[in-house]
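Reading through the structure tokens given below for one structure.
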Amino acid sequence: MMSSVVELKKLTKSYGDVTAVNEVSFTLEPDKIYGLLGRNGAGKTTIMHMITAQLFATSGELKVFGEAPYENSRVLSQVCFIKESQKYPDNYTVKDVLELSSSLFPNWDRQFANELVVDFQLPLKRKMKKLSRGMHSSVGIIVGLASRAPLTIFDEPYLGLDAVARALFYDRLIDDYADNPRTIVLSTHLIDEVSRLLEHIIVIDGGKVLINEDAEELRGSAYTVAGTATAVESFIAGKTVISREPFGSLLTAGVTGRLSEQERKKADSLGLAIAAISLQQLIVQLTSRKKDVKGGARG
Amino acid sequence: MNRVNNVLKMHQRDKFAWMIIPSMILGSSFLVNLIVGFLSGVEIYTGGLMSIFIYMFVLGIIVLPQTFPFAISFSIRRTDYFLGTTLHAVTNGFLMAIGLLLLSAIEKATNFWGTGLHFFHLPYLTDGNIVQQFIFNFLTFVLLFFWGFIIGSVFRKFRAVGLFVLTLACLLATTVLTVVIISYDWWDNIANWIVDLTAFELSLWFLPVILCYAVISFVLIRRSTV
Amino acid sequence: MTLIIDDSRPIFMQIAERIEDDIIQGRLPEESQVPSKNEFASFYQINPATAAKGVNLLVDEGILYKKRGIGMFVATGARAVLVEKRKEQFFEQYVVTMMREAEKLGISTDQLTDMIRRGDAK
């Protein structure tokens, strides 16, 4: 039994003076759905390119299915990486892409692929370069799902897809995953949309791991306190504050940690309003104001 | 072998690049010459055949940007990509070389299409026996493909800067070589040697060049990223 | 089908609460089978592991029990236990909050009882 699907140890990628990925370490376990989140340019795509041996690390250690992925067909045949700006040969039709994929990915499910083609209303005979942005993305999604690769990575796979098509993707993903568990990595900025699908969340910020935590642990792990500045200040003293928004004589502060019953009563007596912070808000706050978030990094 | 086979399949699916476009280029060139031949009624020796060889060179350049990022993203190893692409190009060159021989034979048999058009059956190129003619066609295709392919590989690995440096280096090398040749007064010897070469002998000299191009592009592709 | 899930609280707790609601309101009678974790995952579009965690929470509390190889079932007596638990929560969540708000607005206990009667008539 494989203990981990992907293992990164101090993985670093620099371009001259610029360090895109800075000593990143994490482990992906089998059959979980991961969210790899963070702002654009945080280094997510670079990390995924290294995992799939499309880019070379400057230093550090990387193992995929227990081995180095570079030129390793045992590893690569188990990996499917779908990215936002995937290029296809100019003359390829949708059918060409799907047919070739069926010989490239050992677990390919032809019937499932055909069903998805109908679901996403794809014209099989049309050339890839003549597809709309959304249809182009749909092809990637179909390959990613029907490949059933033990490690499937989706990097912002839905450029140009409307909300209905995205919902369709989530629906098919979770249904198929339930029947065919595998390790899936979803990288996206639409955190609100995918967060409920995720079992584990890794947030990358400025080329480093900011959060590496079970999704359920993160939900409800932060809250906002609002009220008069003095009352809020006295309440948040000694707590980990991730945001501070003054408004006249009022103050709204974001705090990490769970609220005890005693604290809740204290807030009540101080006339403070407490509200839970959603996962999306939490990540936005942690990644947008780096100076304040020192204590915000967890686990 | 199965993995190399997948790369072959990848190229075979692109019938436009490997079959339709070259046929169209050669066909249209031939047709224009044929019409001119009919209208003018004079015997024509044309270099229209060059177009198919030049296309092979162009194909060598564009095959990498067209298929490499796609192949690598779809879990194909670089080594398999190189082997499969090489195999596909060599097979294609083989078939095209045979095709040209056939067309050349037809041209001769139809008394040059009845108009005196020398398009496929040209002097010098058809001097040798049939095997020698085949080898010339075949090796020229392969040489031109790899010539294009090495340009594509340098661009892939080192981008525009690499290509610029390479061009400069080639120009510099040519200049130095010319200076050396002139200063040692080798011109006559070299000119005589080339003039004496048959098409077949010339094509044999392509072999080490092809090998050299292939090895360099293999090394570059192994280190290329998306 | 997607139901609104609150992303600021652990989802497994919300799943457990939904199952509790279904048991209390009789949609899931005692000794009936509870949907599988995959059915929950598909229905709510959530991760199956999260759904399983919600179900297991209720198993730990004795509300649900597992029949090996068949699935999860509602335990006999589960409804009564849940109703008791909810009454306790009701007091904390609604009554205490209501009293506090009433105090702010200067509503007397008599006026409040009157209001409750009026609400009952509706």
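The chains in the structure tokens are called A, B, ... from first to last as shown; in each chain the residues are counted from 1, and the ligands are counted from 1 in the order shown.
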
Contact residues around A:Ile47 with only C-alpha atoms at 12 Å, ignoring same-chain residues under 6 positions, as a VMD selection string: chain A and resid 6 to 14 20 to 26 36 to 37 41 53 to 58 60 62 81 153 155 185 187 202 204 207 to 209

Taking 4 positions as the minimum chain separation for residues in the same chain, which residues sit within 7 Å of C:Val83 when counting only C-alpha atoms? Answer as a list in words. Ile24, Arg79 and Lys87 of chain C

12 Å contact set for stretch 158-165 of chain B, only C-alpha atoms, chain neighbours under 4 positions out, as a PDB file with C-alpha atoms, in the first residue's frame:
ATOM      1  CA  PRO B  65       5.537  23.833 -31.115  1.00  0.00           C
ATOM      2  CA  ILE B 150      16.980  21.055 -34.542  1.00  0.00           C
ATOM      3  CA  ILE B 151      15.914  24.664 -35.082  1.00  0.00           C
ATOM      4  CA  GLY B 152      12.658  23.840 -33.310  1.00  0.00           C
ATOM      5  CA  SER B 153      14.541  22.140 -30.460  1.00  0.00           C
ATOM      6  CA  VAL B 154      16.896  25.067 -29.924  1.00  0.00           C
ATOM      7  CA  ALA B 169      27.368  31.346 -34.366  1.00  0.00           C
ATOM      8  CA  CYS B 170      26.550  29.811 -37.744  1.00  0.00           C
ATOM      9  CA  LEU B 171      27.252  33.063 -39.570  1.00  0.00           C
ATOM     10  CA  LEU B 172      30.517  33.449 -37.689  1.00  0.00           C
ATOM     11  CA  LEU B 220      17.751  19.427 -26.066  1.00  0.00           C
ATOM     12  CA  ILE B 221      14.308  17.850 -25.940  1.00  0.00           C
ATOM     13  CA  ARG B 223      15.865  19.096 -21.075  1.00  0.00           C
ATOM     14  CA  SER B 224      12.936  21.045 -22.506  1.00  0.00           C
ATOM     15  CA  THR B 225      10.017  22.257 -20.428  1.00  0.00           C
ATOM     16  CA  VAL B 226       6.510  23.336 -21.203  1.00  0.00           C
TER      17      VAL B 226
END

I'd like the contact shell of C:Glu61 - 12 Å cut-off, only C-alpha atoms, skipping same-chain residues fewer than 5 positions apart - returned as a ChimeraX atom specification. /C:16,20,54-56,74-75,78,81-82,85

With only C-alpha atoms considered, list every residue of chain A at most 10 Å from chain C, as an NGL selection string. :A and (32-33 or 167 or 170-179 or 181 or 192 or 194-199 or 215-223 or 268 or 275-282)

Report as JSON lines the residues of chain B within 9 Å of chain A, each with its shortest atom pair and distance in Å (one decimal), using only C-alpha atoms, ordered by chain and increasing residue number.
{"residue": "B:Arg3", "atom": "CA", "partner": "A:Leu104", "partner_atom": "CA", "distance": 8.0}
{"residue": "B:Asn6", "atom": "CA", "partner": "A:Leu104", "partner_atom": "CA", "distance": 6.7}
{"residue": "B:Lys9", "atom": "CA", "partner": "A:Leu100", "partner_atom": "CA", "distance": 7.2}
{"residue": "B:Met10", "atom": "CA", "partner": "A:Leu100", "partner_atom": "CA", "distance": 6.6}
{"residue": "B:Arg13", "atom": "CA", "partner": "A:Asp96", "partner_atom": "CA", "distance": 6.6}
{"residue": "B:Asp14", "atom": "CA", "partner": "A:Asn91", "partner_atom": "CA", "distance": 6.1}
{"residue": "B:Lys15", "atom": "CA", "partner": "A:Asn91", "partner_atom": "CA", "distance": 8.1}
{"residue": "B:Phe16", "atom": "CA", "partner": "A:Asn91", "partner_atom": "CA", "distance": 6.6}
{"residue": "B:Ala17", "atom": "CA", "partner": "A:Asn91", "partner_atom": "CA", "distance": 7.7}
{"residue": "B:Val63", "atom": "CA", "partner": "A:Pro89", "partner_atom": "CA", "distance": 9.0}
{"residue": "B:Pro65", "atom": "CA", "partner": "A:Pro89", "partner_atom": "CA", "distance": 8.5}
{"residue": "B:Gln66", "atom": "CA", "partner": "A:Pro89", "partner_atom": "CA", "distance": 5.0}
{"residue": "B:Thr67", "atom": "CA", "partner": "A:Pro89", "partner_atom": "CA", "distance": 5.7}
{"residue": "B:Pro69", "atom": "CA", "partner": "A:Lys87", "partner_atom": "CA", "distance": 6.7}
{"residue": "B:Phe70", "atom": "CA", "partner": "A:Tyr88", "partner_atom": "CA", "distance": 5.5}
{"residue": "B:Ala71", "atom": "CA", "partner": "A:Tyr88", "partner_atom": "CA", "distance": 8.8}
{"residue": "B:Ile72", "atom": "CA", "partner": "A:Gln54", "partner_atom": "CA", "distance": 6.7}
{"residue": "B:Ser73", "atom": "CA", "partner": "A:Phe81", "partner_atom": "CA", "distance": 6.5}
{"residue": "B:Phe74", "atom": "CA", "partner": "A:Cys80", "partner_atom": "CA", "distance": 6.7}
{"residue": "B:Ser75", "atom": "CA", "partner": "A:Leu76", "partner_atom": "CA", "distance": 5.2}
{"residue": "B:Ile76", "atom": "CA", "partner": "A:Leu76", "partner_atom": "CA", "distance": 7.2}
{"residue": "B:Arg77", "atom": "CA", "partner": "A:Glu71", "partner_atom": "CA", "distance": 5.1}
{"residue": "B:Arg78", "atom": "CA", "partner": "A:Glu71", "partner_atom": "CA", "distance": 6.6}
{"residue": "B:Thr79", "atom": "CA", "partner": "A:Glu71", "partner_atom": "CA", "distance": 7.2}
{"residue": "B:Asp80", "atom": "CA", "partner": "A:Glu71", "partner_atom": "CA", "distance": 8.9}
{"residue": "B:Arg222", "atom": "CA", "partner": "A:Glu71", "partner_atom": "CA", "distance": 8.6}
{"residue": "B:Arg223", "atom": "CA", "partner": "A:Phe56", "partner_atom": "CA", "distance": 8.7}
{"residue": "B:Ser224", "atom": "CA", "partner": "A:Leu55", "partner_atom": "CA", "distance": 8.2}
{"residue": "B:Thr225", "atom": "CA", "partner": "A:Leu55", "partner_atom": "CA", "distance": 5.3}
{"residue": "B:Val226", "atom": "CA", "partner": "A:Gln54", "partner_atom": "CA", "distance": 5.7}

Going by DSSP on the backbone, which bits of stretch 59-196 of chain A are alpha helix (DSSP H)? Write them as a PyMOL selection string, please. chain A and resi 73-76+94-104+110-119+133-146+163-179+191-194

Nearby residues (only C-alpha atoms) at most 9 Å from B:Tyr124, same-chain spacing under 3 positions excluded, as a ChimeraX atom specification: /B:127-128,198-199

Just N, CA and C atoms for this one: save the residues we selected as a compact mmCIF listing (two decimals), in the first residue's frame.
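Wrote result_37.txt, looks like this:
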# COMPACT_ATOMS: atom_id res chain seq x y z
N ASP B 127 20.28 10.37 -62.11
CA ASP B 127 21.45 9.80 -62.78
C ASP B 127 21.72 8.37 -62.34
N GLY B 128 21.59 8.11 -61.07
CA GLY B 128 21.96 6.79 -60.54
C GLY B 128 20.90 5.74 -60.81
N THR B 198 28.19 12.61 -57.30
CA THR B 198 26.86 12.32 -57.83
C THR B 198 25.85 12.64 -56.74
N ALA B 199 24.57 12.70 -57.14
CA ALA B 199 23.52 12.97 -56.16
C ALA B 199 23.55 11.94 -55.05

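Between atom CA of B:Phe82 and atom CA of B:Trp18 the separation is 16.7 Å.
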
Could you tell me, as a VMD selection string, which residues of chain C DSSP assigns to strand (DSSP E or B) when given the backbone? chain C and resid 33 to 34 64 to 67 71 to 74
